[in-house]
Each structure stands twice: as structure tokens, then as C-alpha cells.
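Source file upload09.txt; content: compact mmCIF, C-alpha atoms and all ligand atoms.
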```txt
# COMPACT_ATOMS: atom_id res chain seq x y z
CA MET A 123 6.40 -37.50 -27.97
CA PRO A 124 4.27 -39.17 -25.31
CA PHE A 125 5.13 -41.59 -22.53
CA PRO A 126 7.18 -43.81 -22.40
CA ILE A 127 9.59 -41.89 -24.69
CA ASP A 128 9.11 -38.55 -22.94
CA ARG A 129 9.54 -38.55 -19.20
CA GLY A 130 9.39 -35.12 -17.61
CA ARG A 131 10.79 -36.51 -14.37
CA ARG A 132 14.24 -37.11 -15.97
CA LEU A 133 14.98 -33.41 -15.64
CA ARG A 134 13.79 -33.23 -12.05
CA ARG A 135 15.90 -36.03 -10.58
CA ASN A 136 18.24 -34.00 -8.43
CA ASP A 137 18.94 -30.46 -7.42
CA THR A 138 21.80 -30.00 -9.89
CA ILE A 139 19.73 -30.73 -12.98
CA ARG A 140 16.77 -28.78 -11.56
CA ARG A 141 19.09 -25.83 -11.09
CA MET A 142 20.42 -26.19 -14.65
CA VAL A 143 17.03 -26.18 -16.36
CA ARG A 144 15.38 -23.61 -14.08
CA GLU A 145 13.72 -20.97 -16.27
CA THR A 146 13.20 -18.14 -13.81
CA LYS A 147 15.48 -16.78 -11.11
CA LEU A 148 14.89 -14.17 -8.49
CA SER A 149 17.58 -11.61 -7.92
CA ILE A 150 17.94 -9.07 -5.17
CA ASP A 151 18.72 -6.57 -7.96
CA ASP A 152 15.03 -6.54 -8.89
CA PHE A 153 13.57 -5.46 -5.56
CA ILE A 154 12.24 -2.08 -4.51
CA TYR A 155 11.37 -1.78 -0.81
CA PRO A 156 8.50 0.54 0.24
CA LEU A 157 9.11 2.86 3.20
CA PHE A 158 6.63 5.00 5.15
CA VAL A 159 8.11 8.26 6.39
CA CYS A 160 6.55 10.19 9.27
CA GLU A 161 7.47 13.28 11.30
CA GLY A 162 9.38 13.19 14.57
CA GLU A 163 12.58 11.64 15.82
CA GLY A 164 13.26 8.10 16.87
CA VAL A 165 9.79 7.07 15.70
CA LYS A 166 9.29 3.46 14.64
CA ASN A 167 5.64 2.39 14.81
CA GLU A 168 4.71 -1.03 13.56
CA VAL A 169 1.69 -1.07 11.24
CA PRO A 170 -0.77 -3.40 13.03
CA SER A 171 -2.00 -5.09 9.85
CA MET A 172 1.54 -5.43 8.44
CA PRO A 173 3.87 -7.13 10.96
CA GLY A 174 7.47 -6.14 10.28
CA VAL A 175 6.51 -2.93 8.44
CA TYR A 176 6.92 0.40 10.24
CA GLN A 177 6.13 4.06 9.95
CA MET A 178 9.51 5.67 10.62
CA SER A 179 10.85 9.15 11.18
CA ILE A 180 13.63 10.35 8.89
CA ASP A 181 16.49 9.32 11.21
CA ASN A 182 15.21 5.74 11.29
CA ILE A 183 14.52 5.79 7.55
CA VAL A 184 18.17 6.67 6.93
CA HIS A 185 19.24 3.85 9.24
CA GLU A 186 16.91 1.46 7.40
CA CYS A 187 18.47 2.48 4.09
CA LEU A 188 21.89 1.57 5.48
CA VAL A 189 20.57 -1.85 6.50
CA LEU A 190 18.98 -2.35 3.08
CA THR A 191 22.17 -1.41 1.28
CA GLY A 192 24.02 -3.91 3.45
CA LEU A 193 21.52 -6.58 2.34
CA GLY A 194 22.01 -5.64 -1.30
CA VAL A 195 18.54 -4.12 -1.82
CA PRO A 196 19.17 -1.49 -4.50
CA ALA A 197 16.10 0.74 -4.21
CA VAL A 198 13.35 2.11 -1.99
CA ILE A 199 10.02 3.77 -2.79
CA LEU A 200 8.96 6.45 -0.34
CA PHE A 201 5.47 7.23 0.96
CA GLY A 202 4.90 10.28 3.12
CA ILE A 203 2.75 10.69 6.21
CA PRO A 204 2.59 14.45 6.78
CA ASP A 205 1.37 16.05 10.00
CA HIS A 206 -0.65 18.57 8.03
CA LYS A 207 -3.28 17.65 5.45
CA ASP A 208 -5.55 19.98 3.46
CA PRO A 209 -7.91 19.84 0.44
CA GLN A 210 -5.07 20.75 -1.97
CA GLY A 211 -2.55 18.32 -0.44
CA SER A 212 -0.03 21.14 -0.17
CA GLU A 213 2.56 19.11 1.74
CA ALA A 214 2.91 16.91 -1.36
CA TYR A 215 4.71 19.66 -3.28
CA ASN A 216 6.26 21.59 -0.39
CA ASP A 217 10.03 21.64 -0.96
CA ASN A 218 10.39 21.17 2.80
CA GLY A 219 7.75 18.44 3.06
CA ILE A 220 8.30 15.11 4.75
CA ILE A 221 9.29 13.29 1.56
CA GLN A 222 11.55 16.05 0.28
CA ARG A 223 13.47 16.10 3.59
CA ALA A 224 13.65 12.31 3.65
CA ILE A 225 15.11 12.21 0.13
CA ARG A 226 17.78 14.78 1.03
CA ALA A 227 18.69 12.88 4.21
CA ILE A 228 18.95 9.52 2.43
CA LYS A 229 20.98 10.98 -0.43
CA LYS A 230 23.35 12.62 2.04
CA GLU A 231 23.95 9.56 4.23
CA VAL A 232 23.36 6.65 1.83
CA PRO A 233 24.06 8.10 -1.64
CA GLN A 234 24.13 4.70 -3.35
CA MET A 235 20.50 4.01 -2.41
CA TYR A 236 18.26 4.48 -5.48
CA VAL A 237 15.31 6.55 -4.33
CA VAL A 238 11.94 6.24 -6.07
CA THR A 239 9.05 8.41 -4.90
CA ASP A 240 5.34 7.71 -5.05
CA VAL A 241 3.62 10.67 -6.68
CA CYS A 242 0.03 10.91 -5.47
CA MET A 243 -2.16 13.22 -3.43
CA CYS A 244 -4.01 10.73 -1.22
CA GLU A 245 -1.51 10.80 1.64
CA TYR A 246 -1.62 14.63 1.71
CA THR A 247 -5.29 15.52 1.22
CA ASP A 248 -7.59 15.77 4.21
CA HIS A 249 -10.30 13.87 2.28
CA GLY A 250 -7.88 11.06 1.35
CA HIS A 251 -8.61 11.07 -2.38
CA CYS A 252 -5.84 11.07 -4.99
CA GLY A 253 -6.55 14.55 -6.33
CA ILE A 254 -8.55 17.77 -6.08
CA ILE A 255 -12.26 17.32 -5.35
CA HIS A 256 -15.02 19.04 -7.33
CA ASP A 257 -18.64 17.98 -6.88
CA ASN A 258 -17.74 14.91 -4.83
CA ASP A 259 -15.34 13.50 -7.40
CA VAL A 260 -11.67 13.94 -8.18
CA ASN A 261 -11.23 16.53 -10.92
CA ASN A 262 -8.78 15.09 -13.41
CA ASP A 263 -7.39 18.12 -15.16
CA GLU A 264 -7.03 20.31 -12.12
CA THR A 265 -5.15 17.54 -10.31
CA LEU A 266 -2.55 17.28 -13.09
CA LYS A 267 -0.71 20.47 -12.27
CA TYR A 268 -0.33 19.45 -8.61
CA LEU A 269 1.08 16.08 -9.63
CA GLY A 270 3.56 17.90 -11.88
CA LEU A 271 4.59 20.12 -8.96
CA GLU A 272 4.91 17.12 -6.63
CA ALA A 273 7.12 15.18 -9.05
CA LEU A 274 9.25 18.27 -9.64
CA SER A 275 9.79 18.90 -5.95
CA HIS A 276 10.84 15.25 -5.47
CA ALA A 277 13.31 15.59 -8.33
CA LYS A 278 14.68 18.84 -6.90
CA ALA A 279 15.22 17.12 -3.55
CA GLY A 280 17.27 14.43 -5.29
CA ALA A 281 14.86 11.59 -6.15
CA ASP A 282 16.23 9.18 -8.76
CA MET A 283 12.84 8.19 -10.19
CA VAL A 284 9.22 9.28 -9.81
CA ALA A 285 6.25 6.91 -9.80
CA PRO A 286 2.77 8.41 -10.25
CA SER A 287 0.08 6.24 -8.65
CA ASP A 288 -2.93 8.56 -8.84
CA MET A 289 -4.49 7.17 -12.08
CA MET A 290 -5.42 10.59 -13.50
CA ASP A 291 -5.55 10.68 -17.30
CA GLY A 292 -2.66 12.57 -18.86
CA ARG A 293 -0.47 12.66 -15.77
CA VAL A 294 2.59 11.00 -17.28
CA ALA A 295 2.70 13.64 -20.05
CA VAL A 296 2.34 16.50 -17.57
CA ILE A 297 4.97 15.10 -15.20
CA ARG A 298 7.40 14.42 -18.06
CA ASP A 299 6.90 17.92 -19.41
CA THR A 300 7.23 19.59 -16.00
CA LEU A 301 10.47 17.70 -15.28
CA ASP A 302 11.92 18.40 -18.74
CA VAL A 303 11.18 22.12 -18.66
CA GLU A 304 13.10 22.36 -15.37
CA GLY A 305 16.04 20.38 -16.72
CA TYR A 306 15.26 17.00 -15.09
CA THR A 307 15.31 15.18 -18.42
CA ASP A 308 17.22 12.24 -16.94
CA ILE A 309 14.71 11.36 -14.22
CA PRO A 310 12.68 8.34 -15.34
CA VAL A 311 8.94 8.00 -14.81
CA MET A 312 7.70 4.62 -13.60
CA SER A 313 4.00 4.77 -14.24
CA TYR A 314 1.51 2.85 -12.13
CA ALA A 315 0.01 2.32 -15.57
CA VAL A 316 -2.32 -0.49 -14.66
CA LYS A 317 -3.61 0.08 -11.18
CA TYR A 318 -6.77 -1.74 -10.21
CA CYS A 319 -9.29 -0.60 -7.66
CA SER A 320 -8.34 -3.31 -5.21
CA ALA A 321 -9.34 -4.28 -1.69
CA PHE A 322 -5.78 -5.61 -1.32
CA TYR A 323 -4.65 -2.01 -0.57
CA GLY A 324 -6.46 -2.11 2.78
CA PRO A 325 -3.41 -2.49 5.07
CA PHE A 326 -1.49 0.18 3.13
CA ARG A 327 -4.18 2.70 3.91
CA ASP A 328 -3.56 2.03 7.62
CA ALA A 329 0.17 2.38 7.04
CA ALA A 330 -0.08 5.58 5.00
CA ASP A 331 -3.18 6.94 6.71
CA SER A 332 -4.72 7.50 3.28
CA ALA A 333 -8.16 5.92 3.27
CA PRO A 334 -10.72 8.11 1.45
CA SER A 335 -13.07 9.84 3.90
CA PHE A 336 -16.03 9.34 1.54
CA GLY A 337 -16.73 7.10 -1.45
CA ASP A 338 -14.04 4.97 -3.02
CA ARG A 339 -11.52 5.14 -5.89
CA ARG A 340 -13.62 3.48 -8.58
CA THR A 341 -13.89 6.58 -10.75
CA TYR A 342 -10.12 6.61 -11.27
CA GLN A 343 -8.64 3.18 -10.47
CA MET A 344 -9.35 0.34 -12.88
CA ASP A 345 -12.14 -2.21 -12.74
CA PRO A 346 -10.61 -5.58 -11.74
CA ALA A 347 -12.65 -7.24 -14.48
CA ASN A 348 -10.76 -5.56 -17.32
CA ARG A 349 -7.81 -6.86 -19.31
CA GLN A 350 -8.22 -5.03 -22.64
CA GLU A 351 -8.30 -1.75 -20.77
CA ALA A 352 -4.95 -2.58 -19.19
CA ILE A 353 -3.37 -2.58 -22.63
CA ARG A 354 -4.98 0.75 -23.47
CA GLU A 355 -3.77 2.29 -20.21
CA ALA A 356 -0.23 1.05 -20.73
CA ALA A 357 -0.17 2.19 -24.38
CA THR A 358 -1.28 5.69 -23.40
CA ASP A 359 1.41 5.93 -20.74
CA VAL A 360 4.11 4.77 -23.15
CA GLU A 361 3.00 7.43 -25.65
CA GLU A 362 3.12 10.01 -22.87
CA GLY A 363 6.69 9.07 -22.02
CA ALA A 364 6.62 6.41 -19.30
CA ASP A 365 9.98 4.62 -18.98
CA LEU A 366 8.67 1.68 -16.93
CA LEU A 367 5.17 0.25 -16.58
CA MET A 368 3.74 -1.08 -13.36
CA VAL A 369 0.94 -3.52 -12.70
CA LYS A 370 -0.68 -3.37 -9.29
CA PRO A 371 -1.60 -5.51 -7.36
CA ALA A 372 0.59 -8.42 -8.45
CA LEU A 373 -0.67 -11.84 -7.37
CA PRO A 374 -4.32 -11.52 -8.43
CA TYR A 375 -3.19 -9.91 -11.72
CA LEU A 376 -0.37 -12.14 -12.98
CA ASP A 377 -2.19 -12.49 -16.31
CA ILE A 378 -2.01 -8.73 -16.75
CA ILE A 379 1.73 -8.69 -16.00
CA ARG A 380 2.21 -11.25 -18.78
CA GLU A 381 -0.05 -9.26 -21.10
CA LEU A 382 2.08 -6.15 -20.66
CA LYS A 383 5.33 -8.08 -20.97
CA ASP A 384 4.18 -9.50 -24.31
CA ASN A 385 2.85 -6.22 -25.66
CA PHE A 386 5.39 -3.59 -24.62
CA ASP A 387 9.14 -3.32 -24.85
CA LYS A 388 9.50 -1.41 -21.58
CA PRO A 389 10.60 -2.87 -18.25
CA ILE A 390 7.58 -4.13 -16.31
CA ALA A 391 7.25 -3.68 -12.56
CA ALA A 392 4.86 -5.59 -10.30
CA TYR A 393 3.62 -4.14 -7.00
CA ASN A 394 3.23 -6.96 -4.49
CA VAL A 395 0.85 -4.87 -2.40
CA SER A 396 0.12 -4.62 1.30
CA GLY A 397 -2.79 -7.08 1.36
CA GLU A 398 -0.70 -9.70 -0.41
CA TYR A 399 1.91 -9.25 2.31
CA SER A 400 -0.56 -9.31 5.19
CA MET A 401 -2.36 -12.45 4.11
CA LEU A 402 0.81 -14.52 3.97
CA LYS A 403 2.06 -13.07 7.26
CA ALA A 404 -1.25 -13.84 8.95
CA ALA A 405 -1.42 -17.40 7.66
CA ALA A 406 2.22 -17.99 8.62
CA GLU A 407 1.61 -16.61 12.13
CA LYS A 408 -1.17 -19.14 12.56
CA GLY A 409 1.18 -21.86 11.39
CA TRP A 410 -0.99 -22.55 8.38
CA LEU A 411 1.66 -21.83 5.73
CA ASP A 412 5.45 -22.08 5.58
CA HIS A 413 6.30 -18.38 5.52
CA ASP A 414 9.64 -18.44 3.72
CA LYS A 415 8.48 -20.88 1.08
CA VAL A 416 5.25 -19.09 0.19
CA VAL A 417 7.05 -15.75 0.06
CA MET A 418 9.63 -16.99 -2.40
CA GLU A 419 7.05 -18.89 -4.46
CA SER A 420 4.89 -15.76 -4.71
CA LEU A 421 7.77 -13.53 -5.75
CA LEU A 422 8.93 -16.12 -8.27
CA SER A 423 5.44 -16.24 -9.80
CA MET A 424 5.60 -12.50 -10.47
CA LYS A 425 8.97 -12.89 -12.16
CA ARG A 426 7.71 -15.84 -14.20
CA ALA A 427 4.64 -13.83 -15.22
CA GLY A 428 7.02 -11.27 -16.73
CA ALA A 429 7.90 -8.74 -14.04
CA ASP A 430 11.37 -7.26 -14.37
CA LEU A 431 11.10 -5.38 -11.08
CA ILE A 432 9.12 -6.16 -7.94
CA LEU A 433 8.01 -3.62 -5.35
CA THR A 434 7.59 -5.66 -2.20
CA TYR A 435 7.48 -5.44 1.59
CA TYR A 436 9.23 -8.82 1.41
CA ALA A 437 12.45 -7.37 -0.06
CA LYS A 438 14.35 -7.82 3.21
CA ASP A 439 13.08 -11.38 3.73
CA ALA A 440 13.93 -12.20 0.13
CA ALA A 441 17.43 -10.73 0.49
CA ARG A 442 17.99 -12.95 3.52
CA LEU A 443 16.61 -16.03 1.76
CA LEU A 444 18.53 -15.40 -1.46
CA GLY A 445 21.69 -14.42 0.39
C1 LIG B 1 -1.42 5.78 -3.43
C2 LIG B 1 -0.99 4.36 -3.33
C3 LIG B 1 -1.69 3.26 -2.80
C4 LIG B 1 -0.79 2.19 -2.83
C5 LIG B 1 0.38 2.66 -3.42
N1 LIG B 1 0.22 3.99 -3.74
C6 LIG B 1 -3.01 3.14 -2.16
C7 LIG B 1 -4.24 3.39 -2.92
O1 LIG B 1 -4.27 3.56 -4.12
O2 LIG B 1 -5.25 3.45 -2.22
C8 LIG B 1 -1.05 0.80 -2.32
C9 LIG B 1 0.15 0.00 -1.99
C10 LIG B 1 -0.11 -1.21 -1.17
O3 LIG B 1 -1.25 -1.61 -0.91
O4 LIG B 1 0.88 -1.80 -0.73
N2 LIG B 1 -2.44 6.07 -4.29
```
For this file, produce the structure as C-alpha cells.
Amino acid sequence: MPFPIDRGRRLRRNDTIRRMVRETKLSIDDFIYPLFVCEGEGVKNEVPSMPGVYQMSIDNIVHECLVLTGLGVPAVILFGIPDHKDPQGSEAYNDNGIIQRAIRAIKKEVPQMYVVTDVCMCEYTDHGHCGIIHDNDVNNDETLKYLGLEALSHAKAGADMVAPSDMMDGRVAVIRDTLDVEGYTDIPVMSYAVKYCSAFYGPFRDAADSAPSFGDRRTYQMDPANRQEAIREAATDVEEGADLLMVKPALPYLDIIRELKDNFDKPIAAYNVSGEYSMLKAAAEKGWLDHDKVVMESLLSMKRAGADLILTYYAKDAARLLG
């Protein structure tokens, strides 16, 4: 029914009616806040390319979890910055590693905080790649057992959920099997199912000290040009036992979030990555964008695209703005 019968503006006339017909709502319940854990005590180093984001020692991480709980943020995802790195990334699956100690400390002091862990080798290997290197490339099948061990040691320390981000083929099956054999059948796997090889991870690699020392991640992370492949990747992970599917990055890949939402009956998570955070912060610092408004509009777009959960460095800002 065209104009003048149909007038879209009738339902936009005031805030009450706009509120009533609003299709998408953000909720603090959907946010997972990333934290970078480093060694030491009393450490709180701001990441230069990510204003407001810090590398923190375990005592400060615990304090941060208390603050987050107070704001209503239900979950964190932990990334480790170990003092010691080697070719096998042995700190990743050391039961006394930085992440394992952080999990135990959070669970002791802030038991209600839901703790997700990133399962990957890149923060722990001296070469910065996401697995074991053979002939200048990451060897898929040899890496799998280390990822299984890493996930298991996180679960043993008390993690509520594990999230593999390495992009090795078959890793969800191996992690599921390793957890089940040891009795951790109730720990869900949130797969970074669709993870693109993105330049938007740049600031994270400063934060996590995980840039590859040679080459790049194109032999394991996805080509940004591909949509069909995203469906294949997600389908494989569902078959292997993934409980939730993640798309990463979020903003440049909203079409992929929608694709997964329409094709799979699993909760979909979007990772609003470091570069997406930094670009808004930088523009806002220059006075070029209204910070609070662009943050909320960006997060809303992920929800509208079909994300059930959002991993974001903006969780605290969003909690304040929603509060
Ligand atoms: C580890 C990992 C990365 C991110 C999350 N897990 C970096 C990468 O793949 O290089 C990026 C997160 C962000 O940019 O915020 N593999």
C-alpha cells in the first residue's frame, strides 16, 4: 500500500511508539568482556592502541570481575600473556599457567562470574602462530592434541566454557572428546567457527603479544571473500559438537552472522574485535564521532544481524549506557 495510505512516519512520531515497535533490544545479559591476564602483582598496563583496555595481573583481574559483576556483565573471556613462550606453547596447558591460576582466583573470589577461556596457542608459542610449526606452516593434526590438553586444563581449573580460536580442522571434535573422557561433559564449547583472517585483529596482537614472527595466518584463518565457506565451517563444527557458533570479526561480517543465524539452530556469538573498538575510540577522541551513540549503534547492528551473544571490549560502556 503506497503513499498516501501508508506512512512509515506514523510509527516514529514519539519515543513511546518507537519503543513499542522496536524490533531489536540490547541486553547486558548478552555481553562477554575480554580480559588480558599477565604475570605480576598490581599490574595494570593500558594497551596503547586500545584506550580503556588493560593487561592486568591476577589480583587486578579479580577486582575487575567484581566491578563487572556489579555492572551486571555476566561473563568474561580470558586471554593469557605468559612470561615464558616456547615452540610447543607449553604454558597453554600447564595446570599452573597464567590462565589456570586466573580462573581459580576468579572462581574463588567471584564465583558468580561465568568464565570462558580462549583456547589457542598463539599467545604461548615463541613464533606467535596458533599451533605447532612444521616446514614453516602450522601442522594441523599435531596441534590438535595440544588444544585438547589446553581446553582440559582450563576445565580442570574451573572454566565454565571453552572457546577454541585456532582454526585447526577437527579441533572441536578433539576438544569435546578430551573433555568428555575426563568427565567434563557439561562444559560447552563455543567454537570460533567462522574466523576470518582479518587486519582488524591488529590491536589485539599488541594486547596479547601474539603477532606471528613470520608469515601470516592465511593458511588457517578464513579468506574474507568467502560466505559459502562460512556455512561449511559452521556445519562441520556443529557435527563435531560445538554448542555455540561464533563469527569474527563482527562489523565487517554482519552478513555472515545473519547467514549462520538463518542456517543453524545454535546460539550465535559475534566477536566485536579489537580493531572495531580502536577505530571508534580513535574517531571519538578526535571528536569526529559521538562515542556513546556509535558504540550502541554498532552493538545493536550485531544483534539485529542475528547475534545472540556479543564479545566486546565495550561491555562496560554498554552496561553503563543501558543501566
Ligand atoms: C587468538 C585470538 C585472536 C583474537 C582472539 N583470539 C587473534 C588472532 O587470531 O590473531 C582477536 C581478538 C580481537 O582482535 O579482539 N587466535
**Request:** Figure out the distance between atom C3 of ligand LIG 1 (chain B) and atom CA of A:Cys319, please, to one decimal in Å.
**Result:** 9.8 Å
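Straight-line separation from atom CA of A:Lys229 to atom CA of A:Ile203: 19.4 Å.
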Neighbouring residues of A:Val189 were defined as those with any atom within 12 Å, considering only C-alpha atoms; residues of the same chain fewer than 5 positions away were excluded. Please report them as a PDB file with C-alpha atoms, in the coordinates of the input.
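Final output, saved to around-v3.pdb:
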```pdb
ATOM      1  CA  TYR A 155      11.370  -1.780  -0.810  1.00  0.00           C
ATOM      2  CA  ASN A 182      15.210   5.740  11.290  1.00  0.00           C
ATOM      3  CA  ILE A 183      14.520   5.790   7.550  1.00  0.00           C
ATOM      4  CA  VAL A 184      18.170   6.670   6.930  1.00  0.00           C
ATOM      5  CA  GLY A 194      22.010  -5.640  -1.300  1.00  0.00           C
ATOM      6  CA  VAL A 195      18.540  -4.120  -1.820  1.00  0.00           C
ATOM      7  CA  PRO A 196      19.170  -1.490  -4.500  1.00  0.00           C
ATOM      8  CA  ALA A 197      16.100   0.740  -4.210  1.00  0.00           C
ATOM      9  CA  VAL A 198      13.350   2.110  -1.990  1.00  0.00           C
ATOM     10  CA  VAL A 232      23.360   6.650   1.830  1.00  0.00           C
ATOM     11  CA  MET A 235      20.500   4.010  -2.410  1.00  0.00           C
ATOM     12  CA  ALA A 437      12.450  -7.370  -0.060  1.00  0.00           C
ATOM     13  CA  LYS A 438      14.350  -7.820   3.210  1.00  0.00           C
ATOM     14  CA  ALA A 441      17.430 -10.730   0.490  1.00  0.00           C
ATOM     15  CA  ARG A 442      17.990 -12.950   3.520  1.00  0.00           C
TER      16      ARG A 442
END
```
Cut-off 12 Å: closest stretch 154-220 of chain A/stretch 332-353 of chain A atom pairs per residue, using only C-alpha atoms, as JSON lines:
```
{"residue": "A:Phe158", "atom": "CA", "partner": "A:Ser332", "partner_atom": "CA", "distance": 11.8}
{"residue": "A:Phe201", "atom": "CA", "partner": "A:Ser332", "partner_atom": "CA", "distance": 10.5}
{"residue": "A:Gly202", "atom": "CA", "partner": "A:Ser332", "partner_atom": "CA", "distance": 10.0}
{"residue": "A:Ile203", "atom": "CA", "partner": "A:Ser332", "partner_atom": "CA", "distance": 8.6}
{"residue": "A:Pro204", "atom": "CA", "partner": "A:Ser332", "partner_atom": "CA", "distance": 10.7}
{"residue": "A:Lys207", "atom": "CA", "partner": "A:Ser332", "partner_atom": "CA", "distance": 10.5}
{"residue": "A:Pro209", "atom": "CA", "partner": "A:Ser335", "partner_atom": "CA", "distance": 11.8}
{"residue": "A:Gly211", "atom": "CA", "partner": "A:Ser332", "partner_atom": "CA", "distance": 11.6}
```
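With all atoms listed in the file as the atoms that count, the residue of A:Cys242, A:Ile154, A:Leu188, A:Val296 with the shortest distance to ligand LIG 1 (chain B) is A:Cys242.
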**Message:** Please list, as a PyMOL selection string, the residues that have an atom at most 10 Å away from (5.2, -16.9, -0.5) in the coordinates of this file, counting only C-alpha atoms.
**Reply:** chain A and resi 398-399+401-403+406+411-423+436+440
**Prompt:** Closest to ligand LIG 1 (chain B) among A:Leu271, A:Ala356, A:Ala427, A:Ile432, using all atoms listed in the file?
**Reply:**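 Of A:Leu271, A:Ala356, A:Ala427, A:Ile432, the one nearest ligand LIG 1 (chain B), counting all atoms listed in the file, is A:Ile432.
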**Request:** Return the single residue from A:Asn385, A:Ser171, A:Asn216, A:Asn261 that is closest to A:Tyr323, with distances computed using all atoms listed in the file.
**Result:**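 Smallest separation from A:Tyr323 among the options: A:Ser171.
When atom CA of A:Phe326 is paired with atom C4 of ligand LIG 1 (chain B), their separation reads 6.3 Å.
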**Request:** Dump the neighbourhood of ligand LIG 1 (chain B) as number ranges by chain: all residues within 9 Å, distances computed on all atoms listed in the file.
**Result:** A: 156, 201, 240-245, 250-252, 286-289, 314, 317-327, 329-330, 332-334, 338-339, 343, 370-371, 393-399, 433-435
**Top pick for closest residue to A:Arg144, considering A:Arg426, A:Leu431, A:Glu163, A:Ile254 and counting all atoms listed in the file** =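 Going through A:Arg426, A:Leu431, A:Glu163, A:Ile254 one by one, the smallest distance to A:Arg144 is for A:Arg426.
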**Asked** Can you tell me, as a ChimeraX atom specification, what residues are no more than 6 Å from A:Ala392 when counting all atoms listed in the file, ignoring any on the same chain fewer than 2 positions away?
**Response** /A:368-369,372,429,432
Kindly export the residues of the current selection with C-alpha atoms, as a PDB file, in the coordinates of the input.
```pdb
ATOM      1  CA  MET A 368       3.740  -1.080 -13.360  1.00  0.00           C
ATOM      2  CA  VAL A 369       0.940  -3.520 -12.700  1.00  0.00           C
ATOM      3  CA  ALA A 372       0.590  -8.420  -8.450  1.00  0.00           C
ATOM      4  CA  ALA A 429       7.900  -8.740 -14.040  1.00  0.00           C
ATOM      5  CA  ILE A 432       9.120  -6.160  -7.940  1.00  0.00           C
TER       6      ILE A 432
END
```
**Request:** Would you please work out which residue, of A:Ile390, A:Leu274, A:Leu148, A:Cys187, is nearest to A:Val303 when using all atoms listed in the file?
**Result:** A:Leu274
7 Å contact set for A:Asp359, only C-alpha atoms, chain neighbours under 5 positions out, as a PDB file with C-alpha atoms, in the frame of the given file:
```pdb
ATOM      1  CA  VAL A 294       2.590  11.000 -17.280  1.00  0.00           C
ATOM      2  CA  ALA A 315       0.010   2.320 -15.570  1.00  0.00           C
ATOM      3  CA  ALA A 364       6.620   6.410 -19.300  1.00  0.00           C
TER       4      ALA A 364
END
```
**Asked** Which one of A:Val316, A:Leu200, A:Ile378, A:Ile220 sits closest to A:Glu355 if you count all atoms listed in the file?
**Response**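 Among A:Val316, A:Leu200, A:Ile378, A:Ile220, it is A:Val316 that comes nearest to A:Glu355.
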**Asked** Could you name the residues that touch A:Ala273 at 7 Å or less, counting all atoms listed in the file, but leaving out those on the same chain fewer than 4 positions away, as a count of residues only?
**Response** 5
**Asked** Could you tell me, as a list of chain:residue names, which residues have any atom at most 6 Å from (6.5, 3.1, -5.2), counting all atoms listed in the file?
**Response**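 Every residue inside that radius is included here: A:Ile199, A:Thr239, A:Asp240, A:Ala285.
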**Asked** What lies within 10 Å of A:Tyr176 using all atoms listed in the file, ignoring chain neighbours under 2 positions off, as a PyMOL selection string?
**Response** chain A and resi 157-160+165-170+172-174+178-179+182-183+329
